[in-house]
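Undergrad: Sending over query_26.cif (mmCIF, C-alpha atoms).
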data_target
#
loop_
_atom_site.group_PDB
_atom_site.id
_atom_site.type_symbol
_atom_site.label_atom_id
_atom_site.label_comp_id
_atom_site.auth_asym_id
_atom_site.auth_seq_id
_atom_site.Cartn_x
_atom_site.Cartn_y
_atom_site.Cartn_z
ATOM 1 C CA MET A 20 76.259 39.545 87.997
ATOM 2 C CA PRO A 21 78.278 42.650 88.956
ATOM 3 C CA ASP A 22 79.808 44.786 86.208
ATOM 4 C CA PRO A 23 83.365 43.565 85.448
ATOM 5 C CA HIS A 24 84.622 47.175 85.455
ATOM 6 C CA LEU A 25 83.153 48.146 88.834
ATOM 7 C CA GLY A 26 86.667 48.540 90.293
ATOM 8 C CA PHE A 27 87.407 51.375 87.835
ATOM 9 C CA VAL A 28 84.166 53.147 88.832
ATOM 10 C CA VAL A 29 84.984 52.848 92.545
ATOM 11 C CA ALA A 30 88.567 54.042 91.931
ATOM 12 C CA ALA A 31 87.330 57.075 89.934
ATOM 13 C CA TYR A 32 84.892 58.117 92.695
ATOM 14 C CA ALA A 33 87.598 57.583 95.352
ATOM 15 C CA VAL A 34 90.133 59.729 93.455
ATOM 16 C CA ALA A 35 87.551 62.497 92.912
ATOM 17 C CA ALA A 36 86.431 62.401 96.571
ATOM 18 C CA ALA A 37 90.032 62.541 97.830
ATOM 19 C CA THR A 38 90.912 65.440 95.497
ATOM 20 C CA ILE A 39 87.796 67.431 96.428
ATOM 21 C CA ALA A 40 88.437 66.774 100.141
ATOM 22 C CA GLY A 41 92.015 67.993 99.625
ATOM 23 C CA MET A 42 90.814 71.163 97.877
ATOM 24 C CA ILE A 43 88.273 71.934 100.626
ATOM 25 C CA GLY A 44 90.791 71.104 103.392
ATOM 26 C CA ALA A 45 93.519 73.283 101.876
ATOM 27 C CA VAL A 46 91.232 76.346 101.605
ATOM 28 C CA VAL A 47 89.653 75.895 105.069
ATOM 29 C CA LEU A 48 92.973 75.268 106.862
ATOM 30 C CA ASP A 49 94.640 78.187 105.044
ATOM 31 C CA GLY A 50 91.764 80.421 106.185
ATOM 32 C CA ARG A 51 92.073 79.319 109.830
ATOM 33 C CA ARG A 52 95.867 79.789 109.803
ATOM 34 C CA LEU A 53 95.492 83.259 108.269
ATOM 35 C CA GLU A 54 92.845 84.309 110.791
ATOM 36 C CA ALA A 55 95.196 83.325 113.641
ATOM 37 C CA GLN A 56 98.046 85.230 111.963
ATOM 38 C CA MET A 57 95.777 88.259 111.485
ATOM 39 C CA GLU A 58 94.970 88.305 115.196
ATOM 40 C CA ASN A 59 98.693 88.166 116.046
ATOM 41 C CA ALA A 60 99.521 90.899 113.530
ATOM 42 C CA ALA A 61 96.710 93.133 114.849
ATOM 43 C CA ARG A 62 97.951 92.561 118.423
ATOM 44 C CA ALA A 63 101.548 93.406 117.396
ATOM 45 C CA LEU A 64 100.377 96.583 115.659
ATOM 46 C CA GLU A 65 98.319 97.607 118.678
ATOM 47 C CA ALA A 66 101.291 96.929 120.985
ATOM 48 C CA ALA A 67 103.606 98.996 118.747
ATOM 49 C CA ARG A 68 101.132 101.896 118.712
ATOM 50 C CA GLY A 69 100.616 101.569 122.470
ATOM 51 C CA GLY A 70 104.415 101.667 122.958
ATOM 52 C CA LYS A 71 104.613 104.833 120.912
ATOM 53 C CA ASP A 72 101.965 106.519 123.079
ATOM 54 C CA ALA A 73 103.853 105.399 126.210
ATOM 55 C CA GLY A 74 107.079 106.854 124.733
ATOM 56 C CA ARG A 75 105.372 110.248 124.248
ATOM 57 C CA ARG A 76 104.176 110.301 127.861
ATOM 58 C CA MET B 20 79.230 95.696 90.662
ATOM 59 C CA ALA B 21 82.122 98.131 91.041
ATOM 60 C CA ASN B 22 81.265 98.341 94.740
ATOM 61 C CA LEU B 23 81.522 94.532 95.003
ATOM 62 C CA ALA B 24 85.102 94.756 93.714
ATOM 63 C CA ASN B 25 86.044 96.656 96.878
ATOM 64 C CA PRO B 26 87.929 94.124 99.088
ATOM 65 C CA THR B 27 86.147 95.200 102.325
ATOM 66 C CA VAL B 28 82.707 94.979 100.709
ATOM 67 C CA PHE B 29 83.682 91.615 99.212
ATOM 68 C CA VAL B 30 84.727 90.180 102.606
ATOM 69 C CA ASP B 31 81.457 91.355 104.225
ATOM 70 C CA LEU B 32 79.364 89.969 101.387
ATOM 71 C CA SER B 33 81.262 86.654 101.361
ATOM 72 C CA ARG B 34 80.381 86.131 105.043
ATOM 73 C CA ARG B 35 76.685 86.333 104.174
ATOM 74 C CA VAL B 36 76.836 84.368 100.901
ATOM 75 C CA LEU B 37 79.170 81.487 101.857
ATOM 76 C CA PRO B 38 76.739 79.480 104.059
ATOM 77 C CA TRP B 39 74.151 79.505 101.241
ATOM 78 C CA LEU B 40 76.723 78.538 98.615
ATOM 79 C CA ALA B 41 78.060 75.700 100.792
ATOM 80 C CA ALA B 42 74.516 74.428 101.461
ATOM 81 C CA ALA B 43 73.654 74.553 97.739
ATOM 82 C CA THR B 44 76.863 72.653 96.932
ATOM 83 C CA ALA B 45 76.122 69.915 99.478
ATOM 84 C CA ALA B 46 72.474 69.588 98.321
ATOM 85 C CA LEU B 47 73.436 69.448 94.630
ATOM 86 C CA PHE B 48 76.111 66.812 95.314
ATOM 87 C CA ALA B 49 73.618 64.718 97.306
ATOM 88 C CA VAL B 50 71.016 64.861 94.507
ATOM 89 C CA GLY B 51 73.644 64.465 91.767
ATOM 90 C CA LEU B 52 75.235 61.395 93.364
ATOM 91 C CA PHE B 53 71.810 59.831 93.961
ATOM 92 C CA LEU B 54 70.818 60.373 90.301
ATOM 93 C CA SER B 55 74.229 59.105 89.134
ATOM 94 C CA PHE B 56 73.921 55.821 91.016
ATOM 95 C CA ALA B 57 70.215 55.435 90.134
ATOM 96 C CA ALA B 58 70.844 56.059 86.401
ATOM 97 C CA PRO B 59 70.639 52.992 84.136
ATOM 98 C CA PRO B 60 73.849 51.508 82.723
ATOM 99 C CA ASP B 61 74.789 52.550 79.207
ATOM 100 C CA TYR B 62 74.043 49.937 76.548
ATOM 101 C CA GLN B 63 77.715 49.912 75.455
ATOM 102 C CA GLN B 64 79.696 51.183 78.463
ATOM 103 C CA GLY B 65 77.713 49.410 81.164
ATOM 104 C CA GLU B 66 78.272 50.828 84.683
ATOM 105 C CA THR B 67 81.508 52.508 83.517
ATOM 106 C CA VAL B 68 79.315 55.363 82.267
ATOM 107 C CA LYS B 69 79.062 56.470 85.926
ATOM 108 C CA ILE B 70 82.652 57.735 85.657
ATOM 109 C CA MET B 71 81.336 60.276 83.119
ATOM 110 C CA TYR B 72 79.283 61.981 85.857
ATOM 111 C CA LEU B 73 82.603 63.023 87.405
ATOM 112 C CA HIS B 74 84.803 63.276 84.335
ATOM 113 C CA VAL B 75 82.615 65.567 82.223
ATOM 114 C CA PRO B 76 81.793 68.155 84.966
ATOM 115 C CA ALA B 77 85.475 68.177 86.011
ATOM 116 C CA ALA B 78 86.517 68.756 82.375
ATOM 117 C CA TRP B 79 84.035 71.639 82.043
ATOM 118 C CA MET B 80 85.272 73.160 85.304
ATOM 119 C CA ALA B 81 88.919 72.780 84.245
ATOM 120 C CA THR B 82 88.308 75.051 81.239
ATOM 121 C CA PHE B 83 85.759 77.306 82.980
ATOM 122 C CA VAL B 84 88.186 78.091 85.831
ATOM 123 C CA TYR B 85 90.881 78.968 83.298
ATOM 124 C CA ALA B 86 88.382 81.268 81.509
ATOM 125 C CA VAL B 87 87.701 82.975 84.883
ATOM 126 C CA MET B 88 91.460 83.356 85.364
ATOM 127 C CA THR B 89 91.805 84.848 81.870
ATOM 128 C CA ALA B 90 89.107 87.453 82.662
ATOM 129 C CA SER B 91 90.877 88.194 85.984
ATOM 130 C CA ALA B 92 94.215 88.526 84.161
ATOM 131 C CA LEU B 93 92.659 91.200 81.949
ATOM 132 C CA GLY B 94 91.394 92.919 85.125
ATOM 133 C CA THR B 95 94.923 92.869 86.531
ATOM 134 C CA LEU B 96 96.667 94.150 83.407
ATOM 135 C CA VAL B 97 94.063 96.645 82.141
ATOM 136 C CA TRP B 98 92.456 98.015 85.336
ATOM 137 C CA ARG B 99 95.130 96.926 87.854
ATOM 138 C CA HIS B 100 92.389 95.987 90.265
ATOM 139 C CA PRO B 101 93.676 94.290 93.467
ATOM 140 C CA LEU B 102 90.710 91.917 93.630
ATOM 141 C CA ALA B 103 91.372 90.736 90.053
ATOM 142 C CA ASP B 104 94.794 89.327 90.879
ATOM 143 C CA ALA B 105 93.467 87.876 94.164
ATOM 144 C CA ALA B 106 90.747 86.115 92.135
ATOM 145 C CA GLN B 107 93.308 84.838 89.657
ATOM 146 C CA LYS B 108 95.705 83.552 92.328
ATOM 147 C CA ALA B 109 92.857 81.919 94.289
ATOM 148 C CA ALA B 110 91.489 80.113 91.217
ATOM 149 C CA ALA B 111 94.712 78.406 90.049
ATOM 150 C CA PRO B 112 94.883 75.584 92.674
ATOM 151 C CA LEU B 113 91.155 74.922 92.224
ATOM 152 C CA GLY B 114 91.577 74.698 88.450
ATOM 153 C CA ALA B 115 94.515 72.320 88.945
ATOM 154 C CA GLY B 116 92.331 70.148 91.217
ATOM 155 C CA PHE B 117 89.490 69.939 88.683
ATOM 156 C CA THR B 118 91.925 69.208 85.836
ATOM 157 C CA PHE B 119 93.530 66.444 87.920
ATOM 158 C CA ILE B 120 90.081 64.877 88.523
ATOM 159 C CA CYS B 121 89.343 65.143 84.788
ATOM 160 C CA LEU B 122 92.634 63.458 83.810
ATOM 161 C CA ALA B 123 92.502 60.742 86.509
ATOM 162 C CA THR B 124 88.843 59.782 85.943
ATOM 163 C CA GLY B 125 89.320 59.918 82.160
ATOM 164 C CA SER B 126 92.268 57.579 82.513
ATOM 165 C CA LEU B 127 90.253 55.186 84.710
ATOM 166 C CA TRP B 128 87.452 55.230 82.118
ATOM 167 C CA GLY B 129 89.921 54.780 79.223
ATOM 168 C CA LYS B 130 91.429 51.526 80.475
ATOM 169 C CA PRO B 131 88.224 49.434 80.305
ATOM 170 C CA MET B 132 86.750 51.304 77.305
ATOM 171 C CA TRP B 133 89.786 52.017 75.086
ATOM 172 C CA GLY B 134 92.109 49.365 76.500
ATOM 173 C CA THR B 135 94.652 51.949 77.673
ATOM 174 C CA TYR B 136 95.026 54.499 80.483
ATOM 175 C CA TRP B 137 96.570 57.120 78.191
ATOM 176 C CA VAL B 138 97.097 58.018 74.535
ATOM 177 C CA TRP B 139 98.836 61.110 73.155
ATOM 178 C CA ASP B 140 95.587 62.165 71.530
ATOM 179 C CA ALA B 141 95.002 65.896 70.812
ATOM 180 C CA ARG B 142 92.240 66.276 73.448
ATOM 181 C CA LEU B 143 94.109 64.434 76.203
ATOM 182 C CA THR B 144 97.400 66.193 75.454
ATOM 183 C CA SER B 145 95.822 69.675 75.373
ATOM 184 C CA VAL B 146 94.164 69.014 78.775
ATOM 185 C CA LEU B 147 97.515 67.802 80.139
ATOM 186 C CA VAL B 148 99.029 71.100 78.883
ATOM 187 C CA LEU B 149 96.266 72.940 80.799
ATOM 188 C CA PHE B 150 97.196 71.029 83.985
ATOM 189 C CA ILE B 151 100.876 71.953 83.506
ATOM 190 C CA LEU B 152 99.837 75.593 82.940
ATOM 191 C CA TYR B 153 97.973 75.610 86.271
ATOM 192 C CA LEU B 154 101.011 74.146 88.062
ATOM 193 C CA GLY B 155 103.283 76.683 86.324
ATOM 194 C CA LEU B 156 101.066 79.567 87.442
ATOM 195 C CA ILE B 157 101.022 78.332 91.065
ATOM 196 C CA ALA B 158 104.836 78.035 90.953
ATOM 197 C CA LEU B 159 105.171 81.519 89.412
ATOM 198 C CA TRP B 160 103.116 83.112 92.205
ATOM 199 C CA ARG B 161 105.370 81.414 94.769
ATOM 200 C CA ALA B 162 108.622 82.257 92.992
ATOM 201 C CA ILE B 163 108.185 86.066 92.934
ATOM 202 C CA ASP B 164 108.178 87.844 96.308
ATOM 203 C CA ASP B 165 106.718 91.169 95.152
ATOM 204 C CA PRO B 166 102.928 90.517 94.875
ATOM 205 C CA SER B 167 102.286 93.150 92.172
ATOM 206 C CA ARG B 168 105.131 91.836 89.967
ATOM 207 C CA ALA B 169 103.943 88.257 90.533
ATOM 208 C CA ALA B 170 100.392 89.293 89.590
ATOM 209 C CA ARG B 171 101.532 90.931 86.326
ATOM 210 C CA ALA B 172 103.773 87.975 85.361
ATOM 211 C CA ALA B 173 101.003 85.461 86.160
ATOM 212 C CA ALA B 174 98.465 87.554 84.217
ATOM 213 C CA ILE B 175 100.684 87.568 81.115
ATOM 214 C CA LEU B 176 101.289 83.797 81.351
ATOM 215 C CA THR B 177 97.536 83.235 81.859
ATOM 216 C CA LEU B 178 96.694 85.238 78.726
ATOM 217 C CA VAL B 179 99.336 83.366 76.689
ATOM 218 C CA GLY B 180 98.003 80.035 78.005
ATOM 219 C CA ALA B 181 94.413 80.971 77.090
ATOM 220 C CA VAL B 182 95.204 79.826 73.544
ATOM 221 C CA ASP B 183 94.887 76.275 74.923
ATOM 222 C CA LEU B 184 91.127 76.721 75.605
ATOM 223 C CA PRO B 185 89.937 76.738 71.947
ATOM 224 C CA ILE B 186 92.465 73.979 71.212
ATOM 225 C CA ILE B 187 90.863 71.822 73.942
ATOM 226 C CA LYS B 188 87.336 72.607 72.731
ATOM 227 C CA PHE B 189 87.930 72.048 69.003
ATOM 228 C CA SER B 190 90.682 69.393 69.180
ATOM 229 C CA VAL B 191 88.101 66.652 68.560
ATOM 230 C CA ASP B 192 86.931 68.454 65.383
ATOM 231 C CA TRP B 193 90.313 69.602 64.055
ATOM 232 C CA TRP B 194 92.173 66.301 64.474
ATOM 233 C CA ASN B 195 91.311 62.652 64.156
ATOM 234 C CA THR B 196 91.218 61.748 67.851
ATOM 235 C CA LEU B 197 90.316 58.711 69.944
ATOM 236 C CA HIS B 198 88.315 61.023 72.247
ATOM 237 C CA GLN B 199 84.668 61.270 71.239
ATOM 238 C CA PRO B 200 83.326 64.595 69.846
ATOM 239 C CA ALA B 201 81.036 66.934 71.822
ATOM 240 C CA SER B 202 77.780 65.238 72.817
ATOM 241 C CA VAL B 203 76.113 67.871 75.039
ATOM 242 C CA PHE B 204 77.040 71.389 73.825
ATOM 243 C CA ARG B 205 76.578 70.891 70.091
ATOM 244 C CA LEU B 206 74.433 72.258 67.284
ATOM 245 C CA GLY B 207 71.321 70.128 67.049
ATOM 246 C CA GLY B 208 71.172 69.447 70.787
ATOM 247 C CA PRO B 209 72.605 66.739 73.046
ATOM 248 C CA THR B 210 72.962 63.188 71.742
ATOM 249 C CA ILE B 211 72.730 61.664 75.256
ATOM 250 C CA ALA B 212 69.565 59.953 76.524
ATOM 251 C CA PRO B 213 67.676 62.114 79.106
ATOM 252 C CA SER B 214 68.133 59.427 81.813
ATOM 253 C CA LEU B 215 71.915 59.846 81.492
ATOM 254 C CA LEU B 216 71.831 63.602 80.812
ATOM 255 C CA MET B 217 70.004 64.601 84.010
ATOM 256 C CA PRO B 218 72.683 63.320 86.486
ATOM 257 C CA LEU B 219 75.319 64.943 84.284
ATOM 258 C CA ILE B 220 73.588 68.336 84.502
ATOM 259 C CA VAL B 221 73.040 68.121 88.288
ATOM 260 C CA MET B 222 76.652 67.023 88.897
ATOM 261 C CA SER B 223 77.868 69.885 86.676
ATOM 262 C CA LEU B 224 75.858 72.346 88.783
ATOM 263 C CA ALA B 225 77.336 70.757 91.941
ATOM 264 C CA PHE B 226 80.894 71.171 90.610
ATOM 265 C CA THR B 227 80.118 74.793 89.630
ATOM 266 C CA CYS B 228 78.751 75.558 93.118
ATOM 267 C CA LEU B 229 81.783 73.854 94.689
ATOM 268 C CA PHE B 230 84.085 76.078 92.641
ATOM 269 C CA LEU B 231 82.142 79.246 93.540
ATOM 270 C CA THR B 232 82.213 78.355 97.265
ATOM 271 C CA LEU B 233 85.918 77.547 97.346
ATOM 272 C CA HIS B 234 86.810 80.493 95.111
ATOM 273 C CA VAL B 235 85.025 82.997 97.356
ATOM 274 C CA MET B 236 86.749 81.445 100.412
ATOM 275 C CA ALA B 237 90.157 81.487 98.697
ATOM 276 C CA ILE B 238 89.762 85.132 97.573
ATOM 277 C CA ARG B 239 88.883 86.051 101.181
ATOM 278 C CA ASN B 240 92.039 84.209 102.315
ATOM 279 C CA GLU B 241 94.067 86.178 99.777
ATOM 280 C CA ILE B 242 92.654 89.504 101.059
ATOM 281 C CA LEU B 243 93.475 88.401 104.622
ATOM 282 C CA ARG B 244 97.055 87.490 103.570
ATOM 283 C CA ARG B 245 97.548 91.026 102.228
ATOM 284 C CA ARG B 246 96.073 92.603 105.347
ATOM 285 C CA ILE B 247 98.483 90.541 107.497
ATOM 286 C CA ALA B 248 101.449 91.717 105.382
ATOM 287 C CA ARG B 249 100.273 95.349 105.722
ATOM 288 C CA ALA B 250 99.695 95.089 109.491
ATOM 289 C CA THR B 251 103.120 93.441 109.979
ATOM 290 C CA MET B 252 104.800 96.207 107.966
ATOM 291 C CA LEU B 253 102.962 98.927 109.890
ATOM 292 C CA ALA B 254 103.929 97.324 113.239
ATOM 293 C CA ALA B 255 107.578 97.154 112.113
ATOM 294 C CA ALA B 256 107.459 100.802 110.942
ATOM 295 C CA GLU B 257 105.948 101.940 114.256
ATOM 296 C CA GLY B 258 108.669 99.987 116.094
ATOM 297 C CA ASP B 259 111.438 101.626 114.000
ATOM 298 C CA ARG B 260 110.026 105.110 114.619
ATOM 299 C CA LEU B 261 109.689 104.439 118.315
ATOM 300 C CA GLU B 262 113.183 103.002 118.895
ATOM 301 C CA PRO B 263 115.223 106.305 118.819
ATOM 302 C CA GLU B 264 112.518 108.079 120.850
ATOM 303 C CA LEU B 265 112.686 105.458 123.597
ATOM 304 C CA ALA B 266 116.498 105.333 123.427
ATOM 305 C CA ALA B 267 116.652 109.133 123.960
ATOM 306 C CA ARG B 268 114.459 108.798 127.047
ATOM 307 C CA GLY B 269 116.639 105.988 128.355
ATOM 308 C CA ALA B 270 113.791 103.514 128.090
#
Here is a file; write its structure as structure tokens.
TA:
Amino acid sequence: MPDPHLGFVVAAYAVAAATIAGMIGAVVLDGRRLEAQMENAARALEAARGGKDAGRR
Amino acid sequence: MANLANPTVFVDLSRRVLPWLAAATAALFAVGLFLSFAAPPDYQQGETVKIMYLHVPAAWMATFVYAVMTASALGTLVWRHPLADAAQKAAAPLGAGFTFICLATGSLWGKPMWGTYWVWDARLTSVLVLFILYLGLIALWRAIDDPSRAARAAAILTLVGAVDLPIIKFSVDWWNTLHQPASVFRLGGPTIAPSLLMPLIVMSLAFTCLFLTLHVMAIRNEILRRRIARATMLAAAEGDRLEPELAARGA
């Protein structure tokens, strides 16, 4: 006979799994977004420095 | 150790360490979950004891993460180290996540065992205060634009909130609570049967490894966020300097 409180056990594991997945997802997605932003920022900085060199010529 | 606190060294080291940490986390969770489901039911709690393999490690992590944040707050206020406030900021959402798991699983265990999801017991209330502290710290970081001012304000609030840690730990001894007293970290050794203790230990190690992995990743994200802000400012400054020069040349 299954335990009468099995539903609470399943719910607890589901809540924990969803929260942990959320924590992992938030950190990973934030990292990917920041890496893309870093590339853009580096490109903008390079373009600004390149423009300055062109201005001197 | 001082060299490790250099953001560039930290980013390089994190690249090498993260795959190992992630693998250890996955392996420990696999073993921990297997042991949890293979463990015998408790003679009083039945299968509901399996909730403890999540609740107890999450509760330990909730307080451990806050202790890490307290140490980082001291690093921010005393040594003003940039990595200390990055570590503190990166830990807060993780601590909130672990505290949420602790509260939710505790509540789901409480209903069948105590007959209620929640009581305003000293242990439960002090953990709820910890959860609110985490949310307050996350909000504080977002509310202040200047990162160094935000870091100092968050460090002060973290140190003030650290008073909650001994209250959580000793609440079951100081007050007459519904929550059971310590059964693992106590003088005289654990009172839990080895067959139930082993999954608890492995799951605790899995939660610790999960925190270390995510914390290292989140600190690296924080360093990246600051580098982006610096690069954007430098690009804007170069543009401002260049504008009159180009205007004079008719460009």
Undergrad: When you count all atoms listed in the file, which of these residues is closest to Phe53 of chain B: B:Gly94, B:Pro218, B:Gly125, B:Pro263?
TA: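 Ranking B:Gly94, B:Pro218, B:Gly125, B:Pro263 by distance to Phe53 of chain B, first place goes to B:Pro218.
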Undergrad: Name the residues that the PyMOL selection byres ((chain A and resi 34) around 12) picks from the file above, as a tab-separated table (two decimals) with C-alpha atoms, keeping the file's coordinate frame, using the file's chain letters and numbers.
TA:
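Contents of the output file out24.tsv:
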chain	number	residue	atom	x	y	z
A	27	PHE	CA	87.41	51.38	87.84
A	28	VAL	CA	84.17	53.15	88.83
A	29	VAL	CA	84.98	52.85	92.54
A	30	ALA	CA	88.57	54.04	91.93
A	31	ALA	CA	87.33	57.08	89.93
A	32	TYR	CA	84.89	58.12	92.70
A	33	ALA	CA	87.60	57.58	95.35
A	35	ALA	CA	87.55	62.50	92.91
A	36	ALA	CA	86.43	62.40	96.57
A	37	ALA	CA	90.03	62.54	97.83
A	38	THR	CA	90.91	65.44	95.50
A	39	ILE	CA	87.80	67.43	96.43
A	40	ALA	CA	88.44	66.77	100.14
A	41	GLY	CA	92.02	67.99	99.62
B	70	ILE	CA	82.65	57.74	85.66
B	73	LEU	CA	82.60	63.02	87.40
B	74	HIS	CA	84.80	63.28	84.34
B	116	GLY	CA	92.33	70.15	91.22
B	117	PHE	CA	89.49	69.94	88.68
B	119	PHE	CA	93.53	66.44	87.92
B	120	ILE	CA	90.08	64.88	88.52
B	121	CYS	CA	89.34	65.14	84.79
B	122	LEU	CA	92.63	63.46	83.81
B	123	ALA	CA	92.50	60.74	86.51
B	124	THR	CA	88.84	59.78	85.94
B	125	GLY	CA	89.32	59.92	82.16
B	126	SER	CA	92.27	57.58	82.51
B	127	LEU	CA	90.25	55.19	84.71
Undergrad: Residues of chain A within 7 Å of chain B, counting all atoms listed in the file - could you list those as a PDB file with C-alpha atoms, keeping the file's coordinate frame?
TA:
ATOM      1  CA  ASP A  22      79.808  44.786  86.208  1.00  0.00           C
ATOM      2  CA  HIS A  24      84.622  47.175  85.455  1.00  0.00           C
ATOM      3  CA  LEU A  25      83.153  48.146  88.834  1.00  0.00           C
ATOM      4  CA  PHE A  27      87.407  51.375  87.835  1.00  0.00           C
ATOM      5  CA  VAL A  28      84.166  53.147  88.832  1.00  0.00           C
ATOM      6  CA  ALA A  31      87.330  57.075  89.934  1.00  0.00           C
ATOM      7  CA  ALA A  35      87.551  62.497  92.912  1.00  0.00           C
ATOM      8  CA  THR A  38      90.912  65.440  95.497  1.00  0.00           C
ATOM      9  CA  MET A  42      90.814  71.163  97.877  1.00  0.00           C
ATOM     10  CA  ILE A  43      88.273  71.934 100.626  1.00  0.00           C
ATOM     11  CA  VAL A  46      91.232  76.346 101.605  1.00  0.00           C
ATOM     12  CA  GLY A  50      91.764  80.421 106.185  1.00  0.00           C
ATOM     13  CA  LEU A  53      95.492  83.259 108.269  1.00  0.00           C
ATOM     14  CA  GLN A  56      98.046  85.230 111.963  1.00  0.00           C
ATOM     15  CA  MET A  57      95.777  88.259 111.485  1.00  0.00           C
ATOM     16  CA  ALA A  60      99.521  90.899 113.530  1.00  0.00           C
ATOM     17  CA  ALA A  61      96.710  93.133 114.849  1.00  0.00           C
ATOM     18  CA  ALA A  63     101.548  93.406 117.396  1.00  0.00           C
ATOM     19  CA  LEU A  64     100.377  96.583 115.659  1.00  0.00           C
ATOM     20  CA  ALA A  67     103.606  98.996 118.747  1.00  0.00           C
ATOM     21  CA  ARG A  68     101.132 101.896 118.712  1.00  0.00           C
ATOM     22  CA  LYS A  71     104.613 104.833 120.912  1.00  0.00           C
ATOM     23  CA  GLY A  74     107.079 106.854 124.733  1.00  0.00           C
TER      24      GLY A  74
END
Undergrad: I'd like the interatomic distance between atom CA of Trp98 of chain B and atom CA of Phe29 of chain B, to a tenth of an Å.
TA: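 Atom-to-atom, atom CA of Trp98 of chain B and atom CA of Phe29 of chain B are spaced 17.6 Å apart.
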Undergrad: Please enclose the listed atoms of segment 141-145 of chain B in an axis-aligned box, pad each side by 6 Å, and write out the centre and the three edge lengths in Å, rounded to one decimal, as JSON.
TA:
{"center_x": 94.8, "center_y": 67.1, "center_z": 73.5, "size_x": 17.2, "size_y": 17.2, "size_z": 17.4}
Undergrad: What is the distance, in Å and to one decimal place, between atom CA of Trp160 of chain B and atom CA of Val30 of chain B?
TA: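 If I compute the distance from atom CA of Trp160 of chain B to atom CA of Val30 of chain B, I get 22.3 Å.
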Undergrad: May I ask for the distance between atom CA of Pro76 of chain B and atom CA of Met222 of chain B, given in Å to one decimal place?
TA: 6.6 Å
Undergrad: Between B:Pro101, B:Pro59, B:Pro185, B:Gly134, which has the minimum distance to Ser167 of chain B (counting all atoms listed in the file)?
TA: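 With all atoms listed in the file as the atom set, the closest residue is B:Pro101.
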Undergrad: Once the PyMOL selection byres ((chain B and resi 104) around 9) has been applied to the shown file, what residues remain in the selection, as a short mmCIF file (atom, residue, chain, number, x, y, z; two decimals) with C-alpha atoms, in the coordinates of the input?
TA:
data_model
loop_
_atom_site.label_atom_id
_atom_site.label_comp_id
_atom_site.auth_asym_id
_atom_site.auth_seq_id
_atom_site.Cartn_x
_atom_site.Cartn_y
_atom_site.Cartn_z
CA MET B 88 91.46 83.36 85.36
CA SER B 91 90.88 88.19 85.98
CA ALA B 92 94.22 88.53 84.16
CA GLY B 94 91.39 92.92 85.12
CA THR B 95 94.92 92.87 86.53
CA ARG B 99 95.13 96.93 87.85
CA HIS B 100 92.39 95.99 90.26
CA PRO B 101 93.68 94.29 93.47
CA LEU B 102 90.71 91.92 93.63
CA ALA B 103 91.37 90.74 90.05
CA ALA B 105 93.47 87.88 94.16
CA ALA B 106 90.75 86.12 92.14
CA GLN B 107 93.31 84.84 89.66
CA LYS B 108 95.70 83.55 92.33
CA ALA B 109 92.86 81.92 94.29
CA SER B 167 102.29 93.15 92.17
CA ALA B 170 100.39 89.29 89.59
CA ARG B 171 101.53 90.93 86.33
CA ALA B 173 101.00 85.46 86.16
CA ALA B 174 98.46 87.55 84.22
#
Undergrad: Can you list, as JSON, numbers by chain, every protein, DNA or RNA residue that comes within 8 Å of segment 141-154 of chain B when you count only C-alpha atoms, leaving out same-chain residues fewer than 5 positions away?
TA: {"B": [111, 112, 114, 115, 118, 119, 122, 180, 183, 186, 187, 190, 191, 194, 196, 198]}
